[in-house]
file query-v1.pdb (PDB, C-alpha atoms)
ATOM      1  CA  MET A 807     -29.987  61.558  15.634
ATOM      2  CA  GLN A 808     -26.679  61.861  13.863
ATOM      3  CA  ALA A 809     -26.464  60.466  10.288
ATOM      4  CA  GLU A 810     -23.790  57.865   9.774
ATOM      5  CA  GLY A 811     -20.667  58.941   7.978
ATOM      6  CA  ARG A 812     -21.256  62.723   8.455
ATOM      7  CA  ARG A 813     -19.212  65.063  10.593
ATOM      8  CA  PRO A 814     -21.025  66.033  13.829
ATOM      9  CA  SER A 815     -22.012  69.662  14.064
ATOM     10  CA  GLY A 816     -19.412  71.751  15.731
ATOM     11  CA  ASP A 817     -16.664  69.226  15.086
ATOM     12  CA  SER A 818     -13.406  70.956  14.433
ATOM     13  CA  ALA A 819     -11.635  67.992  12.849
ATOM     14  CA  GLY A 820     -10.223  68.255   9.346
ATOM     15  CA  ASP A 821     -11.498  66.702   6.133
ATOM     16  CA  ASP A 822     -10.114  63.283   7.087
ATOM     17  CA  TYR A 823     -12.887  62.667   9.621
ATOM     18  CA  ARG A 824     -13.877  59.010   9.810
ATOM     19  CA  HIS A 825     -17.024  57.819  11.499
ATOM     20  CA  PRO A 826     -16.133  55.311  14.235
ATOM     21  CA  LEU A 827     -18.583  52.745  12.800
ATOM     22  CA  VAL A 828     -18.266  53.449   9.086
ATOM     23  CA  HIS A 829     -14.877  53.375   7.457
ATOM     24  CA  ILE A 830     -14.325  52.450   3.836
ATOM     25  CA  SER A 831     -10.779  52.213   2.573
ATOM     26  CA  THR A 832      -9.256  51.072  -0.689
ATOM     27  CA  PRO A 833      -7.795  47.563  -0.221
ATOM     28  CA  ASN A 834      -4.174  46.961  -1.038
ATOM     29  CA  PRO A 835      -3.397  44.562  -3.880
ATOM     30  CA  CYS A 836      -3.290  40.983  -2.608
ATOM     31  CA  ARG A 837      -0.173  38.951  -3.019
ATOM     32  CA  TYR A 838      -0.624  35.203  -3.125
ATOM     33  CA  ALA A 839       2.052  32.592  -2.576
ATOM     34  CA  ASN A 840       0.584  30.340  -5.301
ATOM     35  CA  ALA A 841      -0.359  30.827  -8.919
ATOM     36  CA  PRO A 842      -3.970  31.976  -9.567
ATOM     37  CA  ALA A 843      -4.968  28.498 -10.787
ATOM     38  CA  ALA A 844      -3.668  26.931  -7.574
ATOM     39  CA  GLU A 845      -5.515  29.514  -5.485
ATOM     40  CA  LEU A 846      -8.757  28.652  -7.300
ATOM     41  CA  VAL A 847      -8.253  24.963  -6.500
ATOM     42  CA  ASN A 848      -7.562  25.763  -2.843
ATOM     43  CA  ALA A 849     -10.653  27.948  -2.650
ATOM     44  CA  ALA A 850     -12.823  25.239  -4.231
ATOM     45  CA  VAL A 851     -11.580  22.625  -1.756
ATOM     46  CA  GLU A 852     -12.211  24.925   1.216
ATOM     47  CA  GLN A 853     -15.699  25.727  -0.069
ATOM     48  CA  GLN A 854     -16.458  22.010  -0.357
ATOM     49  CA  LYS A 855     -15.359  21.477   3.234
ATOM     50  CA  ILE A 856     -17.678  24.252   4.400
ATOM     51  CA  THR A 857     -20.578  22.725   2.483
ATOM     52  CA  GLU A 858     -19.936  19.322   4.045
ATOM     53  CA  LEU A 859     -19.877  20.815   7.539
ATOM     54  CA  ARG A 860     -23.251  22.424   6.902
ATOM     55  CA  LEU A 861     -24.655  19.116   5.661
ATOM     56  CA  ARG A 862     -23.465  17.339   8.787
ATOM     57  CA  ARG A 863     -25.118  19.890  11.042
ATOM     58  CA  THR A 864     -28.341  19.795   9.054
ATOM     59  CA  PHE A 865     -28.762  16.080   8.390
ATOM     60  CA  GLY A 866     -26.158  14.289  10.481
ATOM     61  CA  GLY A 867     -25.374  10.612   9.886
ATOM     62  CA  ALA A 868     -22.242   8.797   8.845
ATOM     63  CA  GLU A 869     -22.776   9.449   5.143
ATOM     64  CA  ALA A 870     -22.914  13.201   5.615
ATOM     65  CA  ALA A 871     -19.980  13.118   8.018
ATOM     66  CA  ALA A 872     -17.642  11.258   5.680
ATOM     67  CA  PRO A 873     -15.427  13.699   3.738
ATOM     68  CA  SER A 874     -15.258  13.310   0.008
ATOM     69  CA  PRO A 875     -11.998  12.173  -1.648
ATOM     70  CA  ALA A 876     -11.607  15.604  -3.245
ATOM     71  CA  ALA A 877     -11.800  17.355   0.122
ATOM     72  CA  ALA A 878      -9.543  14.818   1.842
ATOM     73  CA  ALA A 879      -6.823  15.016  -0.810
ATOM     74  CA  PRO A 880      -4.159  17.732  -0.614
ATOM     75  CA  ALA A 881      -5.115  20.808  -2.595
ATOM     76  CA  ASP A 882      -1.844  20.837  -4.523
ATOM     77  CA  ARG A 883      -2.082  17.195  -5.683
ATOM     78  CA  ARG A 884      -2.069  16.870  -9.467
ATOM     79  CA  ALA A 885      -2.857  13.750 -11.457
ATOM     80  CA  ALA A 886       0.132  12.533 -13.449
ATOM     81  CA  PRO A 887      -0.394  12.972 -17.191
ATOM     82  CA  PRO A 888      -0.857   9.709 -19.103
ATOM     83  CA  ARG A 889       2.214   8.393 -20.887
ATOM     84  CA  SER A 890       3.449   5.383 -22.791
ATOM     85  CA  PRO A 891       3.917   2.457 -20.379
ATOM     86  CA  ILE A 892       7.318   1.755 -21.991
ATOM     87  CA  THR A 893       9.736   4.634 -22.588
ATOM     88  CA  THR A 894      13.456   4.947 -23.276
ATOM     89  CA  HIS A 895      16.252   7.394 -23.870
ATOM     90  CA  VAL A 896      19.810   7.169 -25.169
ATOM     91  CA  LEU A 897      22.806   8.956 -23.661
ATOM     92  CA  ASP A 898      26.065   9.194 -25.613
ATOM     93  CA  THR A 899      28.693   8.899 -22.869
ATOM     94  CA  CYS A 900      31.489   9.510 -25.377
ATOM     95  CA  LEU A 901      30.261  13.004 -26.220
ATOM     96  CA  GLY A 902      28.538  13.467 -22.880
ATOM     97  CA  ARG A 903      25.145  14.393 -24.299
ATOM     98  CA  PRO A 904      21.787  12.863 -25.317
ATOM     99  CA  ALA A 905      21.817  10.948 -28.580
ATOM    100  CA  PRO A 906      19.176  12.432 -30.920
ATOM    101  CA  ASP A 907      17.470  10.728 -33.864
ATOM    102  CA  VAL A 908      18.434   7.170 -32.915
ATOM    103  CA  GLY A 909      16.145   4.531 -34.416
ATOM    104  CA  ILE A 910      14.255   2.430 -31.870
ATOM    105  CA  ARG A 911      12.321  -0.805 -32.394
ATOM    106  CA  LEU A 912      10.230  -2.428 -29.666
ATOM    107  CA  CYS A 913       9.418  -6.119 -30.131
ATOM    108  CA  ARG A 914       7.702  -8.855 -28.139
ATOM    109  CA  THR A 915       7.848 -12.611 -28.468
ATOM    110  CA  ALA A 916       4.968 -13.853 -30.594
ATOM    111  CA  PRO A 917       2.286 -15.782 -28.688
ATOM    112  CA  GLY A 918       2.691 -19.518 -29.060
ATOM    113  CA  SER A 919       6.225 -19.289 -30.441
ATOM    114  CA  ALA A 920       7.953 -20.234 -27.166
ATOM    115  CA  GLY A 921      10.268 -17.251 -27.616
ATOM    116  CA  ALA A 922      11.429 -18.322 -31.074
ATOM    117  CA  ALA A 923       9.684 -15.547 -33.029
ATOM    118  CA  TRP A 924       9.468 -11.817 -32.433
ATOM    119  CA  GLU A 925       6.761  -9.399 -33.534
ATOM    120  CA  THR A 926       7.305  -5.649 -33.818
ATOM    121  CA  VAL A 927       5.148  -3.727 -31.358
ATOM    122  CA  ALA A 928       6.307  -0.165 -32.047
ATOM    123  CA  GLU A 929       9.018   1.914 -33.694
ATOM    124  CA  GLY A 930      10.288   5.424 -33.116
ATOM    125  CA  ARG A 931      13.269   7.776 -32.996
ATOM    126  CA  THR A 932      14.780   9.666 -30.116
ATOM    127  CA  ASN A 933      14.034  13.372 -29.923
ATOM    128  CA  ALA A 934      16.522  16.216 -29.375
ATOM    129  CA  ASP A 935      16.707  15.210 -25.705
ATOM    130  CA  GLY A 936      17.520  11.596 -26.645
ATOM    131  CA  ARG A 937      14.116  10.342 -25.484
ATOM    132  CA  VAL A 938      11.219   8.373 -26.925
ATOM    133  CA  GLY A 939       8.132   8.888 -24.811
ATOM    134  CA  ASP A 940       5.397   7.767 -27.189
ATOM    135  CA  LEU A 941       6.306   4.224 -28.195
ATOM    136  CA  LEU A 942       2.934   2.876 -27.004
ATOM    137  CA  PRO A 943      -0.482   4.495 -26.509
ATOM    138  CA  ALA A 944      -0.849   6.237 -23.155
ATOM    139  CA  VAL A 945      -3.518   3.912 -21.769
ATOM    140  CA  GLY A 946      -2.005   2.983 -18.400
ATOM    141  CA  TYR A 947      -1.683  -0.691 -19.311
ATOM    142  CA  VAL A 948       0.912  -2.853 -21.044
ATOM    143  CA  ALA A 949       0.540  -6.480 -22.077
ATOM    144  CA  PRO A 950       2.757  -8.899 -20.171
ATOM    145  CA  GLY A 951       5.459 -10.749 -22.035
ATOM    146  CA  HIS A 952       9.082 -10.928 -23.095
ATOM    147  CA  TYR A 953      10.159  -7.636 -24.741
ATOM    148  CA  ARG A 954      13.202  -6.438 -26.661
ATOM    149  CA  ILE A 955      14.272  -2.890 -27.512
ATOM    150  CA  THR A 956      16.779  -2.554 -30.364
ATOM    151  CA  PHE A 957      18.796   0.655 -30.797
ATOM    152  CA  ASP A 958      20.249   1.477 -34.227
ATOM    153  CA  VAL A 959      23.561   2.784 -32.896
ATOM    154  CA  ASP A 960      25.388   2.030 -36.168
ATOM    155  CA  GLU A 961      23.500   4.697 -38.093
ATOM    156  CA  TYR A 962      23.966   7.101 -35.198
ATOM    157  CA  GLN A 963      27.721   6.465 -35.013
ATOM    158  CA  GLN A 964      28.148   7.102 -38.730
ATOM    159  CA  ARG A 965      26.356  10.404 -38.341
ATOM    160  CA  VAL A 966      28.346  11.665 -35.355
ATOM    161  CA  ARG A 967      31.622  10.475 -36.893
ATOM    162  CA  ALA A 968      31.026  12.873 -39.780
ATOM    163  CA  GLU A 969      30.795  15.665 -37.186
ATOM    164  CA  HIS A 970      33.708  14.423 -35.026
ATOM    165  CA  PRO A 971      36.029  12.299 -37.231
ATOM    166  CA  ALA A 972      38.827  12.217 -34.668
ATOM    167  CA  PHE A 973      36.498  11.076 -31.934
ATOM    168  CA  PHE A 974      34.993   7.983 -33.569
ATOM    169  CA  GLN A 975      36.736   5.250 -35.516
ATOM    170  CA  GLN A 976      35.484   4.347 -38.965
ATOM    171  CA  ARG A 977      34.771   0.693 -38.281
ATOM    172  CA  ARG A 978      31.871  -0.091 -36.008
ATOM    173  CA  PHE A 979      32.131  -2.407 -33.040
ATOM    174  CA  TYR A 980      28.461  -2.616 -32.040
ATOM    175  CA  PRO A 981      26.243  -2.704 -35.159
ATOM    176  CA  SER A 982      23.226  -2.522 -32.870
ATOM    177  CA  VAL A 983      22.290  -2.843 -29.219
ATOM    178  CA  SER A 984      19.370  -4.949 -28.012
ATOM    179  CA  VAL A 985      17.975  -4.960 -24.482
ATOM    180  CA  GLU A 986      15.557  -7.672 -23.392
ATOM    181  CA  PHE A 987      13.276  -7.486 -20.385
ATOM    182  CA  GLU A 988      10.180  -9.233 -19.091
ATOM    183  CA  ILE A 989       6.892  -7.817 -17.822
ATOM    184  CA  ARG A 990       4.999 -10.136 -15.502
ATOM    185  CA  PRO A 991       1.179 -10.323 -15.386
ATOM    186  CA  ASP A 992       1.171  -8.496 -12.032
ATOM    187  CA  GLN A 993       3.149  -5.579 -13.541
ATOM    188  CA  THR A 994       0.808  -4.612 -16.366
ATOM    189  CA  LYS A 995      -0.102  -1.250 -14.767
ATOM    190  CA  GLU A 996       3.473  -0.243 -14.003
ATOM    191  CA  HIS A 997       5.681   2.088 -16.028
ATOM    192  CA  PHE A 998       8.888   0.732 -17.594
ATOM    193  CA  HIS A 999      11.675   3.152 -18.517
ATOM    194  CA  VAL A1000      14.546   1.315 -20.212
ATOM    195  CA  PRO A1001      17.380   3.736 -21.036
ATOM    196  CA  LEU A1002      20.684   3.099 -22.782
ATOM    197  CA  THR A1003      24.040   4.711 -21.995
ATOM    198  CA  TRP A1004      26.294   4.115 -24.998
ATOM    199  CA  ASN A1005      29.758   4.710 -26.380
ATOM    200  CA  PRO A1006      31.543   2.977 -29.290
ATOM    201  CA  PHE A1007      33.130   0.375 -27.007
ATOM    202  CA  GLY A1008      30.603  -0.189 -24.263
ATOM    203  CA  TYR A1009      27.046   0.309 -23.126
ATOM    204  CA  SER A1010      24.827  -0.281 -20.122
ATOM    205  CA  THR A1011      21.154  -0.212 -19.267
ATOM    206  CA  TYR A1012      18.927  -0.196 -16.217
ATOM    207  CA  ARG A1013      15.295   0.168 -15.257
ATOM    208  CA  GLY A1014      14.607   3.835 -14.664
ATOM    209  CA  SER A1015      11.552   5.791 -13.578
TER     210      SER A1015
END
call {"tool": "encode", "arguments": {"input": "query-v1.pdb", "output": "structure tokens"}}
result
Amino acid sequence: MQAEGRRPSGDSAGDDYRHPLVHISTPNPCRYANAPAAELVNAAVEQQKITELRLRRTFGGAEAAAPSPAAAAPADRRAAPPRSPITTHVLDTCLGRPAPDVGIRLCRTAPGSAGAAWETVAEGRTNADGRVGDLLPAVGYVAPGHYRITFDVDEYQQRVRAEHPAFFQQRRFYPSVSVEFEIRPDQTKEHFHVPLTWNPFGYSTYRGS
């Protein structure tokens, strides 16, 4: 009986003889389309599907046959990171760039005041990208009510005028800009992005995403 992997006696082949049933080769490096972390997620999802199939064959029944939410969901789905339910940013349309370090105050009408009194909910300043993303805790909920965001554009205009004296006049026209909006009780789990596009003689706002 011939031993596996050895050249038969009398064989005249060279040193590269390969047994027809035993052939070991060095694998080529694998190239994946996704990042390693994504490949691990895909592999875990596929393994879960295999396990569920085995459970169905072994035990049967509707409970074993129902796929889990993790297996049913797309492998590349990622949960959105938590964020403040109210965010804003300021764009200087005169200079055509984000407005950094603008003071922001978020207020809400005080309960029982019938809209006559305001209480400060949060304060912040825009970052280098003109945004404020952490006005409120990232809890996925915002209290309903009548809100107002006030932008300290006067301080900002004084600062940019020192950098561009020919671009901005000395006297201000808008000392501040306030935007009011209302969140209904059925909107408490939604996200509200309230940006401001500003120049010394005009501004606009809208509900963003």
call {"tool": "residues_around", "arguments": {"input": "query-v1.pdb", "residues": "stretch 997-1014 of chain A", "least_positions_apart": "5", "cutoff": "9 Å", "atoms": "all atoms listed in the file", "output": "compact mmCIF listing (two decimals) with C-alpha atoms, keeping the file's coordinate frame"}}
result
# COMPACT_ATOMS: atom_id res chain seq x y z
CA ARG A 889 2.21 8.39 -20.89
CA SER A 890 3.45 5.38 -22.79
CA PRO A 891 3.92 2.46 -20.38
CA ILE A 892 7.32 1.76 -21.99
CA THR A 893 9.74 4.63 -22.59
CA THR A 894 13.46 4.95 -23.28
CA HIS A 895 16.25 7.39 -23.87
CA VAL A 896 19.81 7.17 -25.17
CA LEU A 897 22.81 8.96 -23.66
CA ASP A 898 26.06 9.19 -25.61
CA THR A 899 28.69 8.90 -22.87
CA CYS A 900 31.49 9.51 -25.38
CA LEU A 901 30.26 13.00 -26.22
CA ALA A 905 21.82 10.95 -28.58
CA ARG A 937 14.12 10.34 -25.48
CA GLY A 946 -2.00 2.98 -18.40
CA TYR A 947 -1.68 -0.69 -19.31
CA VAL A 948 0.91 -2.85 -21.04
CA ILE A 955 14.27 -2.89 -27.51
CA PHE A 957 18.80 0.66 -30.80
CA VAL A 959 23.56 2.78 -32.90
CA GLN A 963 27.72 6.46 -35.01
CA PHE A 974 34.99 7.98 -33.57
CA GLN A 975 36.74 5.25 -35.52
CA ARG A 978 31.87 -0.09 -36.01
CA PHE A 979 32.13 -2.41 -33.04
CA TYR A 980 28.46 -2.62 -32.04
CA VAL A 983 22.29 -2.84 -29.22
CA VAL A 985 17.98 -4.96 -24.48
CA PHE A 987 13.28 -7.49 -20.39
CA ILE A 989 6.89 -7.82 -17.82
call {"tool": "atom_distance", "arguments": {"input": "query-v1.pdb", "atom1": "atom CA of A:Leu941", "atom2": "atom CA of A:Ala928"}}
result
5.8 Å
call {"tool": "atom_distance", "arguments": {"input": "query-v1.pdb", "atom1": "atom CA of A:Pro906", "atom2": "atom CA of A:Arg931"}}
result
7.8 Å
call {"tool": "closest_residue", "arguments": {"input": "query-v1.pdb", "among": "A:Asp935, A:Glu986, A:Asp940, A:Arg977", "to": "A:Arg914", "atoms": "all atoms listed in the file"}}
result
A:Glu986
call {"tool": "closest_residue", "arguments": {"input": "query-v1.pdb", "among": "A:Asp960, A:Glu969, A:Gly921, A:Ala949", "to": "A:Pro981", "atoms": "all atoms listed in the file"}}
result
A:Asp960
call {"tool": "residues_around", "arguments": {"input": "query-v1.pdb", "residues": "A:Ala916", "least_positions_apart": "4", "cutoff": "6 Å", "atoms": "only C-alpha atoms", "output": "mmCIF file with C-alpha atoms, in the frame of the given file"}}
result
data_model
loop_
_atom_site.group_PDB
_atom_site.id
_atom_site.type_symbol
_atom_site.label_atom_id
_atom_site.label_comp_id
_atom_site.auth_asym_id
_atom_site.auth_seq_id
_atom_site.Cartn_x
_atom_site.Cartn_y
_atom_site.Cartn_z
ATOM 1 C CA ALA A 923 9.684 -15.547 -33.029
ATOM 2 C CA TRP A 924 9.468 -11.817 -32.433
ATOM 3 C CA GLU A 925 6.761 -9.399 -33.534
#
call {"tool": "atom_distance", "arguments": {"input": "query-v1.pdb", "atom1": "atom CA of A:Thr956", "atom2": "atom CA of A:Gly902"}}
result
21.2 Å
call {"tool": "axis_aligned_box", "arguments": {"input": "query-v1.pdb", "around": "stretch 983-1002 of chain A", "padding_each_side": "3 Å", "output": "AutoDock Vina command-line options"}}
result
--center_x 11.1 --center_y -3.3 --center_z -20.6 --size_x 28.4 --size_y 20.1 --size_z 23.2
call {"tool": "closest_residue", "arguments": {"input": "query-v1.pdb", "among": "A:Val908, A:Ala849, A:Ile856, A:Ala920", "to": "A:Thr932", "atoms": "only C-alpha atoms"}}
result
A:Val908
call {"tool": "resolve_selection", "arguments": {"input": "query-v1.pdb", "expression": "the PyMOL selection byres ((chain A and resi 950) around 9)", "output": "list in words"}}
result
Val948, Ala949, Gly951, His952, Tyr953, Glu988, Ile989, Arg990, Pro991, Asp992, Gln993 and Thr994 of chain A
call {"tool": "build_atoms", "arguments": {"input": "query-v1.pdb", "residues": "stretch 978-996 of chain A", "atoms": "N, CA and C atoms", "output": "PDB file, in the coordinates of the input"}}
result
ATOM      1  N   ARG A 978      32.770   0.056 -37.150  1.00  0.00           N
ATOM      2  CA  ARG A 978      31.871  -0.091 -36.008  1.00  0.00           C
ATOM      3  C   ARG A 978      32.262  -1.302 -35.168  1.00  0.00           C
ATOM      4  N   PHE A 979      31.916  -1.260 -33.904  1.00  0.00           N
ATOM      5  CA  PHE A 979      32.131  -2.407 -33.040  1.00  0.00           C
ATOM      6  C   PHE A 979      30.795  -3.014 -32.626  1.00  0.00           C
ATOM      7  N   TYR A 980      29.817  -2.153 -32.346  1.00  0.00           N
ATOM      8  CA  TYR A 980      28.461  -2.616 -32.040  1.00  0.00           C
ATOM      9  C   TYR A 980      27.541  -2.183 -33.179  1.00  0.00           C
ATOM     10  N   PRO A 981      27.169  -3.080 -34.082  1.00  0.00           N
ATOM     11  CA  PRO A 981      26.243  -2.704 -35.159  1.00  0.00           C
ATOM     12  C   PRO A 981      24.883  -2.269 -34.623  1.00  0.00           C
ATOM     13  N   SER A 982      24.480  -2.892 -33.512  1.00  0.00           N
ATOM     14  CA  SER A 982      23.226  -2.522 -32.870  1.00  0.00           C
ATOM     15  C   SER A 982      23.293  -2.964 -31.415  1.00  0.00           C
ATOM     16  N   VAL A 983      22.379  -2.466 -30.629  1.00  0.00           N
ATOM     17  CA  VAL A 983      22.290  -2.843 -29.219  1.00  0.00           C
ATOM     18  C   VAL A 983      20.863  -3.272 -28.946  1.00  0.00           C
ATOM     19  N   SER A 984      20.695  -4.451 -28.362  1.00  0.00           N
ATOM     20  CA  SER A 984      19.370  -4.949 -28.012  1.00  0.00           C
ATOM     21  C   SER A 984      19.309  -5.203 -26.508  1.00  0.00           C
ATOM     22  N   VAL A 985      18.204  -4.777 -25.918  1.00  0.00           N
ATOM     23  CA  VAL A 985      17.975  -4.960 -24.482  1.00  0.00           C
ATOM     24  C   VAL A 985      16.676  -5.735 -24.317  1.00  0.00           C
ATOM     25  N   GLU A 986      16.745  -6.862 -23.632  1.00  0.00           N
ATOM     26  CA  GLU A 986      15.557  -7.672 -23.392  1.00  0.00           C
ATOM     27  C   GLU A 986      15.122  -7.551 -21.938  1.00  0.00           C
ATOM     28  N   PHE A 987      13.824  -7.544 -21.741  1.00  0.00           N
ATOM     29  CA  PHE A 987      13.276  -7.486 -20.385  1.00  0.00           C
ATOM     30  C   PHE A 987      11.909  -8.160 -20.386  1.00  0.00           C
ATOM     31  N   GLU A 988      11.444  -8.498 -19.211  1.00  0.00           N
ATOM     32  CA  GLU A 988      10.180  -9.233 -19.091  1.00  0.00           C
ATOM     33  C   GLU A 988       9.213  -8.480 -18.182  1.00  0.00           C
ATOM     34  N   ILE A 989       7.969  -8.432 -18.610  1.00  0.00           N
ATOM     35  CA  ILE A 989       6.892  -7.817 -17.822  1.00  0.00           C
ATOM     36  C   ILE A 989       5.960  -8.927 -17.360  1.00  0.00           C
ATOM     37  N   ARG A 990       5.835  -9.081 -16.060  1.00  0.00           N
ATOM     38  CA  ARG A 990       4.999 -10.136 -15.502  1.00  0.00           C
ATOM     39  C   ARG A 990       3.525  -9.716 -15.512  1.00  0.00           C
ATOM     40  N   PRO A 991       2.613 -10.664 -15.391  1.00  0.00           N
ATOM     41  CA  PRO A 991       1.179 -10.323 -15.386  1.00  0.00           C
ATOM     42  C   PRO A 991       0.783  -9.376 -14.255  1.00  0.00           C
ATOM     43  N   ASP A 992       1.512  -9.393 -13.132  1.00  0.00           N
ATOM     44  CA  ASP A 992       1.171  -8.496 -12.032  1.00  0.00           C
ATOM     45  C   ASP A 992       1.831  -7.125 -12.172  1.00  0.00           C
ATOM     46  N   GLN A 993       2.488  -6.863 -13.316  1.00  0.00           N
ATOM     47  CA  GLN A 993       3.149  -5.579 -13.541  1.00  0.00           C
ATOM     48  C   GLN A 993       2.528  -4.785 -14.687  1.00  0.00           C
ATOM     49  N   THR A 994       1.369  -5.200 -15.145  1.00  0.00           N
ATOM     50  CA  THR A 994       0.808  -4.612 -16.366  1.00  0.00           C
ATOM     51  C   THR A 994       0.391  -3.149 -16.212  1.00  0.00           C
ATOM     52  N   LYS A 995       0.266  -2.659 -14.973  1.00  0.00           N
ATOM     53  CA  LYS A 995      -0.102  -1.250 -14.767  1.00  0.00           C
ATOM     54  C   LYS A 995       1.085  -0.402 -14.325  1.00  0.00           C
ATOM     55  N   GLU A 996       2.277  -0.986 -14.364  1.00  0.00           N
ATOM     56  CA  GLU A 996       3.473  -0.243 -14.003  1.00  0.00           C
ATOM     57  C   GLU A 996       4.065   0.461 -15.225  1.00  0.00           C
TER      58      GLU A 996
END
